[in-house]
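Structure, as structure tokens:
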Amino acid sequence: MTITRRSLALVGALLAGFASMPPGAAAAQELKIGLAAEPSSADPHFHNLTPNNQVARHIFETLISQDEFQRLGVGLAQSWKIIDDLTWEFALRPGVKFHDGSSFTADDVIFSFNRVPNVPKSPAPKTSFVRGKTLEKVNDLTLRIKTATPYPLMLNDLANIEIMSAKAAANATTEDLNAGKGTVGTGPYQFVEFVPGDRFALKRNDSHWAGKPIWERVTFRFIKSDPTRVAALLSGDVDMIENVPSADVARLRTDNRVAVTSALSNRLIYLHMDRLRDDSPFAKAKDGSAIRNPFNDLKVRQALSMALNRQAIVDRIMEGEAVVASQLLPDIYEGTSRNLKPVPYNVDGARKLLAEAGLPNGFSLTIHGPNGRYPNDTKVIEAVAQMFTRVGIETRVETLPPAVFFSRASTGGPNRTPEFSMILAGWSAGTGEVSGSLGPLLGTFDAQAGIGSANRGRYSNPKVDELLRKALSTVNDSDRAKLLAEGTEVAINDVGLIPIYYNKNTWAARRGLKVLGRTDEYTLAMSVTR
Amino acid sequence: MSDATLPNRAEAPKGAETPRKTKGEFARFVERFLEDRVAVFGLGLISIIVLLALFAPLIAPQNPYDLARVDIMDSRQPPGAKALEGFTLWLGSDGVGRDLWSGILYGLRISLVVGLASGMIAACLGLCVGLIAAYFGGRIENVIMRIVDLQLSLPSVLVALILVALLGKGVDKIILALVVVQWAYYARTVRGSALVERRKEYVEAARSLGLSHTRTMLRHILPNCLAPVIVIATVQTAHAISLEATLSFLGVGLPQTEPSLGVLISNGFQYMLSGKYWISFFPGVALLLTIVAINLVGDRLRDVLNPRLEK
């Protein structure tokens, strides 16, 4: 079977593109990149976190690659075929060498898959990507992967497992890998050093199978503070930065020393409502007395969605660096619905629905959210609170440091249930298709099966579960996409959560550099050309 | 113990030995205070700030805490622009459309309440503890003063940061945290002056008349220790206000929807490089003026109340 490829709409124009090269750039073979968040380790299997994965992508490669729109393509696997519903066969790329000179074979793949679930103290392992897969070596360059049930997301999973060298990393611990012992992959760049709190340095892999990369050295510098990162770019301290603060984008676009690139992100910012309890702890009558959980009424949920002026949030708070959302992922992705449109802003309609739901005077509500996890998160929550207040819901805002917020939002209540009544959070689909959002966010919570892992509202709809289950055992791409789109429509029309906007990722680089924006938020030296 | 350094024979200031001050002395104190133009300016500034804060709901064109009044369509307007509701945003608006002039007026209320309340509570606590330490001496003094030493050896921002992080957000919690970091200053000061006083004859006289410990401490020693406390209190109030702003700036102080000056400054911080200076600048100026004014008055009080500087 060959992978069907949709021709996708190009979203997020590339603004960089200058014919002339600045003087002195020819001599500079080093690329210095200012990152907003630093990796927690150089061990690619230690922590499934964007900053870790993006640095790991330079050193290590995966069997399946993802392009800038997260479309799947060949990687260390050159081709593949489906033998039967339960067996996939992969032909590995011949002639690939690890940084230490040894050859890449099926043994390295098997070693890596066995290593993933066994990394000690891993805060977020990649185990779910290897679960249920049995690997079988046919010969050095042929590998079969078997599953117990038909598994359509095989390639998406393989795109998340970095292949390490069975020889070099045989007994390497996470600490060894951080120090560069066994940090050996097949990627375009080699490990030089990782200095937590300061930098991650790489050098070129001259014998990379796809050809010599253009940068001799790449240094990632960790600059957490937004203004400092921008200042570092303007002063020439770094050549490029990620996560350009939205407050600075407009000004940087007019600055001819730098070029700004933005790309639509797969990250949705949304509101989740408590559907677990009959009386929700932070939703009360205006006099403070307990009321029946208002979110159990569809009319109230619709009213809340209608009360949001999404375009105003995008324009005034995000300063245009976001796109109004109608569902779980932007509709360039597989499995999204073509029928869902953003809910229009309608204050009178929202008031009317609240009245019909028996709450003509509204109620009082506290929205919880993280401060500093997503761009402008606190301000967005405040704007949402303004809009809810206008339809008669007395809204308070409480923001918490991200780590505290997420643990309380997930397990802070009695019996490790979610603590809050309404939260603002963000979710990006790591798999690059809808089941990676629909399952975790709106599937009925089931810790054993790993469904609904981010369903902090505990929304539960048998119809959605059924469609999701069917989709996940449908190997045909277009059939699966149809099922997922249908599941999304059911859940969104039932207002399982309230989508607000999709983020945009922004990068700024000094004039003369071309940056290819990515939907998965990764900042890669491979995306930067002169 | 540090009794060896006791200023036992220090020349007692004139008038300090009679616990009750006469009207003439108070008038003299006022007169001396007013001799310094800078201090008068500071006092005037404080009065204006207090009046502005007191009448904020009447002066401010917008109630910045009422989310139904704040509109994101007004966000990031420069000073002098017109708001959707028709009033003029004299100092511009912040990232969520809050009028900065209104925000500053209401923010000043929080700053002053936090500063004064925490200052007063800490002063009462510190006074009691310091007096007890000095009066009873011995082991009690030893224990109390070592706690004070310990407290003073820790940076106050750090202690307050940890406390607020543990207690959660809110004005009451900030005040509690500030009391905890401030009381030791008062205790140490009071203990110093009280040690001098308790060896004087009038205390001995009071004791030999059979007056109780409490009465001796509160009616005879305390009034003579108040001068340095008043000076410390002004300085500490200014310190408390800036500490609250620091905590709010760091994101642990007050909720976003009820901004104090620190929250307003921190909200504008991300816009500093993009040319929208006013969001941080004006709240910063308001904070600066408040603290400088209080310190000017505090400086003058120190000069006037210090017997060693008496002409």
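In the structure tokens, chains take letters A, B, ... by order of appearance, with residues numbered from 1 within each chain and ligands from 1 in the order shown.
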
Could you please tell me, as a short mmCIF file (atom, residue, chain, number, x, y, z; two decimals) with C-alpha atoms, in the first residue's frame, which residues of chain A have an atom within 10 Å of chain B when using only C-alpha atoms?
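Contents of out_17.cif, as written:
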```cif
data_model
loop_
_atom_site.label_atom_id
_atom_site.label_comp_id
_atom_site.auth_asym_id
_atom_site.auth_seq_id
_atom_site.Cartn_x
_atom_site.Cartn_y
_atom_site.Cartn_z
CA SER A 225 11.91 35.28 29.03
CA ASP A 226 10.03 36.59 25.99
CA PRO A 227 11.50 40.12 25.88
CA THR A 228 15.01 38.76 26.45
CA VAL A 230 13.54 39.08 21.22
CA ALA A 231 16.38 41.29 22.43
CA PRO A 245 5.67 37.03 21.66
CA SER A 246 2.49 38.21 19.92
CA ALA A 247 3.09 41.69 21.32
CA ASP A 248 6.26 41.94 19.26
CA VAL A 249 5.20 40.25 16.03
CA ALA A 250 3.69 43.36 14.44
CA ARG A 251 6.76 45.42 15.19
CA LEU A 252 9.22 42.74 14.06
CA ASN A 309 -16.41 36.66 20.57
CA ALA A 312 -12.12 39.64 19.10
CA ILE A 313 -9.89 37.33 21.14
CA ASP A 315 -7.57 40.18 16.97
CA ARG A 316 -7.23 41.98 20.28
CA ILE A 317 -5.45 39.51 22.58
CA MET A 318 -3.56 37.27 20.17
CA ASN A 371 -0.35 31.35 33.75
CA GLY A 372 2.44 31.12 31.24
CA ASN A 376 -1.23 35.16 26.46
CA THR A 378 -4.03 34.72 31.39
CA LYS A 379 -5.30 37.49 29.16
CA VAL A 380 -7.40 35.09 27.12
CA ILE A 381 -9.06 33.75 30.28
CA GLU A 382 -9.73 37.31 31.37
CA ALA A 383 -11.29 38.09 27.99
CA VAL A 384 -13.46 34.98 28.25
CA ALA A 385 -14.52 36.12 31.72
CA GLN A 386 -15.47 39.55 30.29
CA MET A 387 -17.62 37.92 27.64
CA PHE A 388 -19.36 35.55 30.06
CA THR A 389 -20.03 38.47 32.40
CA ARG A 390 -21.79 40.25 29.55
CA VAL A 391 -24.35 37.48 29.18
CA GLY A 392 -24.99 37.52 32.92
CA ILE A 393 -22.58 34.92 34.26
CA GLU A 394 -20.61 36.46 37.09
CA THR A 395 -17.15 35.17 36.25
CA ARG A 396 -13.98 35.14 38.27
CA VAL A 397 -10.55 34.12 37.04
CA GLU A 398 -7.93 32.17 38.89
CA THR A 399 -4.65 31.40 37.18
CA LEU A 400 -2.05 29.08 38.65
CA PRO A 401 1.53 28.14 37.80
#
```

Legend entry - Test item: residues at most 12 Å from range 411-423 of chain A, only C-alpha atoms, excluding those fewer than 5 positions along its chain, as a VMD selection string: chain A and resid 269 to 284 293 to 296 301 304 364 to 370 377 to 378 380 to 381 384 to 385 395 to 400 404 to 406 445 447 453 to 459 497 to 499

Legend entry - DSSP-assigned strand (DSSP E or B) members of range 168-232 of chain A, reported as a PyMOL selection string: chain A and resi 189-195+199-204+217-222

Could you turn the residues from that selection into a file that holds N, CA and C atoms, as an mmCIF file, in the first residue's frame?
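To be explicit, this is the file written out as part-v5.cif:
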```
data_model
loop_
_atom_site.group_PDB
_atom_site.id
_atom_site.type_symbol
_atom_site.label_atom_id
_atom_site.label_comp_id
_atom_site.auth_asym_id
_atom_site.auth_seq_id
_atom_site.Cartn_x
_atom_site.Cartn_y
_atom_site.Cartn_z
ATOM 1 N N TYR A 189 22.623 15.767 12.491
ATOM 2 C CA TYR A 189 23.551 16.453 13.390
ATOM 3 C C TYR A 189 23.972 15.519 14.517
ATOM 4 N N GLN A 190 25.206 15.767 15.028
ATOM 5 C CA GLN A 190 25.726 14.942 16.109
ATOM 6 C C GLN A 190 25.753 15.719 17.410
ATOM 7 N N PHE A 191 25.650 14.979 18.482
ATOM 8 C CA PHE A 191 25.678 15.563 19.820
ATOM 9 C C PHE A 191 27.055 16.153 20.117
ATOM 10 N N VAL A 192 27.090 17.367 20.646
ATOM 11 C CA VAL A 192 28.357 17.915 21.134
ATOM 12 C C VAL A 192 28.289 18.066 22.644
ATOM 13 N N GLU A 193 27.355 18.886 23.123
ATOM 14 C CA GLU A 193 27.183 18.957 24.578
ATOM 15 C C GLU A 193 25.812 19.496 24.930
ATOM 16 N N PHE A 194 25.358 19.138 26.132
ATOM 17 C CA PHE A 194 24.085 19.604 26.663
ATOM 18 C C PHE A 194 24.380 20.225 28.016
ATOM 19 N N VAL A 195 24.195 21.531 28.125
ATOM 20 C CA VAL A 195 24.427 22.227 29.384
ATOM 21 C C VAL A 195 23.067 22.725 29.881
ATOM 22 N N ARG A 199 22.629 25.729 27.139
ATOM 23 C CA ARG A 199 22.637 25.457 25.708
ATOM 24 C C ARG A 199 22.678 23.965 25.383
ATOM 25 N N PHE A 200 22.379 23.671 24.129
ATOM 26 C CA PHE A 200 22.490 22.330 23.584
ATOM 27 C C PHE A 200 23.248 22.514 22.280
ATOM 28 N N ALA A 201 24.428 21.906 22.153
ATOM 29 C CA ALA A 201 25.249 22.152 20.971
ATOM 30 C C ALA A 201 25.339 20.915 20.102
ATOM 31 N N LEU A 202 25.310 21.130 18.781
ATOM 32 C CA LEU A 202 25.363 20.038 17.810
ATOM 33 C C LEU A 202 26.399 20.374 16.749
ATOM 34 N N LYS A 203 26.922 19.340 16.093
ATOM 35 C CA LYS A 203 27.762 19.595 14.920
ATOM 36 C C LYS A 203 27.271 18.737 13.759
ATOM 37 N N ARG A 204 27.704 19.087 12.561
ATOM 38 C CA ARG A 204 27.199 18.451 11.357
ATOM 39 C C ARG A 204 27.607 16.986 11.253
ATOM 40 N N ARG A 217 27.747 23.964 12.550
ATOM 41 C CA ARG A 217 27.427 23.810 13.968
ATOM 42 C C ARG A 217 26.056 24.434 14.244
ATOM 43 N N VAL A 218 25.339 23.839 15.176
ATOM 44 C CA VAL A 218 24.045 24.380 15.592
ATOM 45 C C VAL A 218 24.046 24.466 17.106
ATOM 46 N N THR A 219 23.697 25.640 17.630
ATOM 47 C CA THR A 219 23.622 25.789 19.082
ATOM 48 C C THR A 219 22.232 26.278 19.456
ATOM 49 N N PHE A 220 21.574 25.516 20.315
ATOM 50 C CA PHE A 220 20.296 25.963 20.868
ATOM 51 C C PHE A 220 20.580 26.663 22.181
ATOM 52 N N ARG A 221 20.133 27.895 22.296
ATOM 53 C CA ARG A 221 20.291 28.583 23.580
ATOM 54 C C ARG A 221 18.926 28.701 24.223
ATOM 55 N N PHE A 222 18.859 28.477 25.543
ATOM 56 C CA PHE A 222 17.569 28.496 26.229
ATOM 57 C C PHE A 222 17.329 29.891 26.804
#
```

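You will find CA of Asp206 in chain A at 28.6 Å from CA of Ala36 in chain A.
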
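Residues in contact with Leu100 in chain B at up to 10 Å, not including ones fewer than 4 positions away on its chain and judged by only C-alpha atoms, are Ala60, Gln62, Pro64, Gln77, Pro79, Leu89, Trp90, Leu91, Gly92, Ser93, Asp94, Ile104, Leu105, Tyr106, Gly107, Leu264, Trp278, Ile279, Ser280, Phe282 and Pro283 of chain B.
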
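Neighbours of Val314 in chain A closer than or equal to 8 Å, with only C-alpha atoms counted and sequence neighbours fewer than 4 positions away skipped, come out as Arg310, Met318, Glu319, Gly320, Glu321, Ala322, Val323, Val324 and Tyr501 of chain A.
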
Inset, instruction - Could you please write out, as a PyMOL selection string, every residue of range 203-337 of chain A that DSSP assigns to helix (DSSP H, G or I)? - result: chain A and resi 226-234+246-254+294-296+298-307+310-317

Inset, instruction - Identify, on the basis of only C-alpha atoms, every residue whose closest approach to Leu112 in chain B does not exceed 9 Å; exclude the query and any residue fewer than 4 positions from it along the same chain; express the result as number ranges by chain. - result: B: 50, 53, 107-108, 116-117, 237, 241, 290

Residues from the last selection, C-alpha atoms, saved as a PDB file, in the first residue's frame:
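Output contents, as saved in part_31.pdb:
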```pdb
ATOM      1  CA  VAL B  50      -4.578  58.856  49.840  1.00  0.00           C
ATOM      2  CA  ALA B  53      -7.341  56.156  46.494  1.00  0.00           C
ATOM      3  CA  GLY B 107      -4.449  49.668  42.501  1.00  0.00           C
ATOM      4  CA  LEU B 108      -3.340  52.431  44.872  1.00  0.00           C
ATOM      5  CA  LEU B 116      -0.828  50.095  56.188  1.00  0.00           C
ATOM      6  CA  ALA B 117      -2.573  46.968  57.421  1.00  0.00           C
ATOM      7  CA  THR B 237       5.053  50.668  55.003  1.00  0.00           C
ATOM      8  CA  ILE B 241       4.000  48.312  49.290  1.00  0.00           C
ATOM      9  CA  THR B 290       3.954  56.563  46.520  1.00  0.00           C
TER      10      THR B 290
END
```

Excluding range 205-216 of chain B and residues on its chain fewer than 5 positions from it, collect all residues at most 10 Å away from it, counting only C-alpha atoms, and give them as an mmCIF file with N, CA and C atoms, in the first residue's frame.
```cif
data_model
loop_
_atom_site.group_PDB
_atom_site.id
_atom_site.type_symbol
_atom_site.label_atom_id
_atom_site.label_comp_id
_atom_site.auth_asym_id
_atom_site.auth_seq_id
_atom_site.Cartn_x
_atom_site.Cartn_y
_atom_site.Cartn_z
ATOM 1 N N ILE B 132 8.481 42.500 75.609
ATOM 2 C CA ILE B 132 8.598 41.331 76.486
ATOM 3 C C ILE B 132 10.050 40.892 76.575
ATOM 4 N N TYR B 135 12.018 43.519 78.629
ATOM 5 C CA TYR B 135 11.593 43.677 80.022
ATOM 6 C C TYR B 135 11.978 42.478 80.871
ATOM 7 N N PHE B 136 11.741 41.303 80.338
ATOM 8 C CA PHE B 136 11.995 40.106 81.139
ATOM 9 C C PHE B 136 13.425 39.605 81.000
ATOM 10 N N ARG B 198 14.298 50.469 80.553
ATOM 11 C CA ARG B 198 13.913 49.710 81.737
ATOM 12 C C ARG B 198 14.923 49.850 82.876
ATOM 13 N N LYS B 200 16.028 52.763 83.816
ATOM 14 C CA LYS B 200 15.927 54.122 84.337
ATOM 15 C C LYS B 200 15.138 54.144 85.645
ATOM 16 N N ILE B 221 7.054 52.184 79.944
ATOM 17 C CA ILE B 221 8.181 51.989 79.022
ATOM 18 C C ILE B 221 7.775 52.279 77.579
ATOM 19 N N LEU B 222 6.616 51.691 77.191
ATOM 20 C CA LEU B 222 6.209 51.776 75.783
ATOM 21 C C LEU B 222 6.199 53.207 75.219
#
```

Inset, instruction - State, in Å with one decimal place, the distance from CA of Gln70 in chain A to CA of Val130 in chain A. - result: 19.4 Å

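Considering only C-alpha atoms, the residue among B:Ala134, B:Ala245, B:Leu152, B:Ile59 positioned nearest to Leu288 in chain B is B:Ala245.
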
Inset, instruction - Would you kindly return, as a VMD selection string, each protein, DNA or RNA residue with an atom no farther than 10 Å from any atom of Phe33 in chain B, considering only C-alpha atoms and excluding same-chain residues fewer than 2 positions away? - result: chain B and resid 27 to 31 35 to 37 39 to 40 297 300 to 305

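Comparing B:Leu45, B:Leu127, B:Thr88, B:Ala177 by their smallest distance to Met217 in chain B, the closest is B:Leu127 (using only C-alpha atoms).
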
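For the choices B:Phe249, B:Phe41, B:Tyr277, B:Phe26, the atom-to-atom distance to Leu296 in chain B is smallest for B:Phe41 when using only C-alpha atoms.
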